[in-house]
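Asks: Let me give you the structure first, and then I'll get to my questions.
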Amino acid sequence: MTNWLITNADKLTLWVGAICTIALYSALYKENRFYRLFEHIFLGLATGFLVAQTWTDVLLPKWWKPMWDEGRWYFIFIAIFGAFYYFIFSQKHSWISRIIIGFYLGVASGQAFQVYANDFWPQIQASFKPIIPHGAVTIAGKAVKALSPADAVNNIIFMVIVFCVMMYFFFSFEQKNPIVKSSAKLGRWMMMFTFGAIFGATIMARLALLIDRIDYLLNEFGAQVFGEASGPKIVFMMLLVLMGIVLYLAFKKDNTSPDEGT
Amino acid sequence: MNILRFLQTVDRRVIYVLLMLSVTAPFFLSIRLPMRVSPATEAFYSAIEERQPGDFVLLAVDWEAGTRGENGPQTEAVITHLMRKKCRFAILSFAPQSPKLTQDIVERLGKEYHSVEGVDWINWGYKVNAKNYLKGFVRDIVGVVKTNNKTEPLTKFPVMEGIKTASDIKLLVNITPSSVYQTYLQFVAGPLKVPMVVAPTSVMVPEVFNYLDSKQISGMMPGLPGAGEYEGKLGTNTKVTRFANSASFAHILIIFFIIMGNVAMLLERRQNARLGGRA
């Protein structure tokens, strides 16, 4: 049995991958136990993998080995302080957990300065853009690129959008003034365009994942299990049959559409 | 059933089947939809193209199997380019599966480009707590990383020659489906002025544009389409091009359904109004 497993490990891996893919996409037809089973297997595997990886790649080389093999006994305090977190589950001793939480709050607050300086400040600087077209000039020894009329219009649009979006988030007073009100409204519209772009990009991302799985079924599973030349076509035919079954079930008289059923 | 009503109430499973067909069929078609290289991808390409042979590049990969469809082709394109340019590179990851997934790609491409582990590239493996790790990393790479992913000391590898602090890194490439690129920006690229390029998943593209516009990053490879564009620049024709082609067909189908659904809705409203019904 072990020998058979070792000999056929590659093929078994391919089959497992194909079955998992079909099982997870079966949820598109409707919620089913086959899908649920594989979803739980995936969750268990991912959690187990993370635990094992954290031990082998992090705790073992960075903490256990230096402490146990290299004699850095004081590394034990890392575990003791880390364990303070677990006192959060005790009503009586939860104050102990606040020591370590407070420590990390301090660290995070300190880092926040660097985060702000390197992340947001350059963006604030970059939002001040020239809006009058000009040729290439040198100001205080620094060369400034020419700005064409088209670029200037682009910058004006940018500035107007920044102003309008900021106006939308200005809650210090009631937005009654017509200029404030209309610019805030325009700001909201601009954000709607952004959300639309994000939604479109999300669809694109999900499609890429589907394409990758289809490529796996056709060109990895199909090519290696059924042969390089005809394998992808065989899997394609199988997928067509599967699609036909889905359509048949979708249009079957007695079958209630999941959309209608809810 | 009225055709206008039908178009608005198509069973979602029918749409899924059509979508599946639109994605699968292009794998067997020789038609290739045209692809224009975006300025963001062009800038990403230039950032690597401008490197000299032997320059050290930090390849920060933070993706896992869940986003292989997008980040996999991006990683493949970047590694191909780095190997062609004969740049040295190190793989660093804050996602557990990444080092293994990337190592597989590097080993496969390494055979083609005669790139040797330890001489041309090295895998530093999986690390935790990006912010605190990078704080120490920027000052003393060898002291903080210590070993490769096989627990061998970094000092024995020729690829590490002359690499002491993050200032010795000529380019930082981050391939990611998460916000870890911001941490690299805040703690490595920003303070040390290390040029940085990002290859995010499509869903992150709108937010990464802010950093591109403010010139905090030098280039961006936007998701799968970006990987397709990049491959066009490299002149290779692997599965990335097929992927991008499939995505284009699927987009056409989705746009078609959006237009048809909305046109049907507007026509039905007009029809109802004409008949005196409620619009």
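Residue numbering restarts at 1 in every chain; chains get A, B, ... in the order shown in the structure tokens, and ligands count up from 1 in that same order.
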Using only C-alpha atoms, I'd like every residue of chain B that has an atom within 6 Å of chain A; please write them out as a list in words.
Replies: Val17, Gly69, Glu70, Gln186, Gly190, Ser202, Val203 and Ser214 of chain B
Asks: At a cut-off of 12 Å, using only C-alpha atoms, what residues contact Gln182 (chain B)? Leave out same-chain residues fewer than 5 positions from it and give the result as a list of chain:residue names.
Replies: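 The residues that qualify are A:Gln114, A:Val115, A:Tyr116, A:Asn118, A:Asp119, A:Phe120, B:Ala130, B:Lys131, B:Leu134, B:Asn174, B:Ile175, B:Thr176, B:Pro177, B:Phe187, B:Val188, B:Ala189, B:Gly190, B:Met196, B:Val197, B:Val198, B:Pro200, B:Met204, B:Glu207, B:Val208, B:Asn210, B:Tyr211, B:Gln216, B:Ile217.
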Asks: Would you list, as a ChimeraX atom specification, the residues of region 63-262 of chain A that end up in strand (DSSP E or B) under DSSP run on this structure's backbone?
Replies: /A:134,137-139,142-144,147
Asks: How would the residues just chosen look if you wrote them out with C-alpha atoms as a PDB file, in the first residue's frame?
Replies:
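Result went into out27.pdb, see below:
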ATOM      1  CA  HIS A 134       4.520  76.354 -18.017  1.00  0.00           C
ATOM      2  CA  VAL A 137      12.296  75.824 -15.425  1.00  0.00           C
ATOM      3  CA  THR A 138      14.892  75.660 -12.678  1.00  0.00           C
ATOM      4  CA  ILE A 139      13.784  76.860  -9.253  1.00  0.00           C
ATOM      5  CA  LYS A 142      16.039  72.191  -8.905  1.00  0.00           C
ATOM      6  CA  ALA A 143      14.792  71.337 -12.397  1.00  0.00           C
ATOM      7  CA  VAL A 144      11.005  71.451 -12.757  1.00  0.00           C
ATOM      8  CA  LEU A 147       3.501  71.297 -17.661  1.00  0.00           C
TER       9      LEU A 147
END
Asks: Tell me which protein, DNA and RNA residues are within 7 Å of Lys170 (chain B), counting only C-alpha atoms, leaving out same-chain ones fewer than 3 positions away, and put them as a list in words.
Replies: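 Residues near the query, excluding close chain neighbours: Asp55, Phe56, Val57, Val194 and Pro195 of chain B.
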Asks: Can you write out the residues you just picked, keeping C-alpha atoms, as a short mmCIF file (atom, residue, chain, number, x, y, z; two decimals), in the first residue's frame?
Replies:
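Okay, this is what ended up in again-v4.cif:
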data_model
loop_
_atom_site.label_atom_id
_atom_site.label_comp_id
_atom_site.auth_asym_id
_atom_site.auth_seq_id
_atom_site.Cartn_x
_atom_site.Cartn_y
_atom_site.Cartn_z
CA ASP B 55 22.29 44.24 -8.70
CA PHE B 56 20.58 42.90 -5.59
CA VAL B 57 16.77 42.86 -5.67
CA VAL B 194 14.88 52.25 -2.02
CA PRO B 195 12.99 52.18 -5.34
#
Asks: Near region 109-112 of chain B, counting only C-alpha atoms, which residues have an atom at most 9 Å away, once you skip same-chain residues fewer than 5 positions from it, shown as a ChimeraX atom specification?
Replies: /B:76,79-80,83,104,117
Asks: Identify all residues of region 17-136 of chain A in helix (DSSP H, G or I) (DSSP on the backbone) and supply them as a PyMOL selection string.
Replies: chain A and resi 17-28+33-68+73-89+94-126
Asks: Can you tell me which residues surround Val116 (chain B) at a distance of at most 12 Å, considering only C-alpha atoms, apart from same-chain residues fewer than 4 positions away, and format the answer as an NGL selection string?
Replies: :B and (83 or 86-89 or 103 or 106-112 or 120-123 or 157-159)
Asks: Hey, can you spit out that residue selection with N, CA and C atoms as a short mmCIF file (atom, residue, chain, number, x, y, z; two decimals), in the first residue's frame?
Replies:
data_model
loop_
_atom_site.label_atom_id
_atom_site.label_comp_id
_atom_site.auth_asym_id
_atom_site.auth_seq_id
_atom_site.Cartn_x
_atom_site.Cartn_y
_atom_site.Cartn_z
N MET B 83 15.96 37.05 -13.96
CA MET B 83 16.96 36.08 -14.41
C MET B 83 17.58 36.48 -15.74
N LYS B 86 20.09 38.99 -15.15
CA LYS B 86 21.15 38.44 -14.29
C LYS B 86 21.28 39.23 -12.98
N CYS B 87 20.14 39.64 -12.45
CA CYS B 87 20.14 40.31 -11.14
C CYS B 87 20.15 39.25 -10.06
N ARG B 88 20.81 39.55 -8.94
CA ARG B 88 20.72 38.65 -7.79
C ARG B 88 19.42 38.99 -7.07
N PHE B 89 18.78 38.02 -6.47
CA PHE B 89 17.57 38.35 -5.71
C PHE B 89 17.36 37.42 -4.53
N GLN B 103 9.54 29.26 -4.50
CA GLN B 103 10.71 28.41 -4.75
C GLN B 103 10.45 27.48 -5.94
N VAL B 106 10.87 29.52 -9.06
CA VAL B 106 12.28 29.89 -9.28
C VAL B 106 13.08 28.68 -9.76
N GLU B 107 12.85 27.53 -9.13
CA GLU B 107 13.61 26.34 -9.53
C GLU B 107 13.30 25.95 -10.98
N ARG B 108 12.01 26.04 -11.35
CA ARG B 108 11.62 25.69 -12.73
C ARG B 108 12.26 26.65 -13.73
N LEU B 109 12.17 27.96 -13.46
CA LEU B 109 12.74 28.94 -14.39
C LEU B 109 14.27 28.94 -14.33
N GLY B 110 14.81 28.60 -13.15
CA GLY B 110 16.26 28.56 -12.97
C GLY B 110 16.94 27.59 -13.92
N LYS B 111 16.23 26.48 -14.20
CA LYS B 111 16.80 25.48 -15.13
C LYS B 111 16.93 26.09 -16.52
N GLU B 112 15.94 26.89 -16.89
CA GLU B 112 15.94 27.50 -18.23
C GLU B 112 17.00 28.59 -18.36
N ASP B 120 22.92 32.99 -7.45
CA ASP B 120 22.11 34.03 -8.12
C ASP B 120 20.87 34.42 -7.31
N TRP B 121 20.40 33.51 -6.51
CA TRP B 121 19.21 33.81 -5.69
C TRP B 121 19.23 33.02 -4.39
N ILE B 122 18.42 33.49 -3.45
CA ILE B 122 18.35 32.83 -2.15
C ILE B 122 16.93 32.97 -1.60
N ASN B 123 16.50 31.97 -0.84
CA ASN B 123 15.17 32.04 -0.24
C ASN B 123 15.32 32.24 1.26
N PHE B 157 26.76 32.02 1.51
CA PHE B 157 26.26 32.10 0.14
C PHE B 157 26.85 33.30 -0.62
N PRO B 158 27.41 33.06 -1.81
CA PRO B 158 28.00 34.16 -2.60
C PRO B 158 26.97 35.24 -2.97
N VAL B 159 25.71 34.85 -3.06
CA VAL B 159 24.66 35.81 -3.44
C VAL B 159 24.56 36.97 -2.44
#
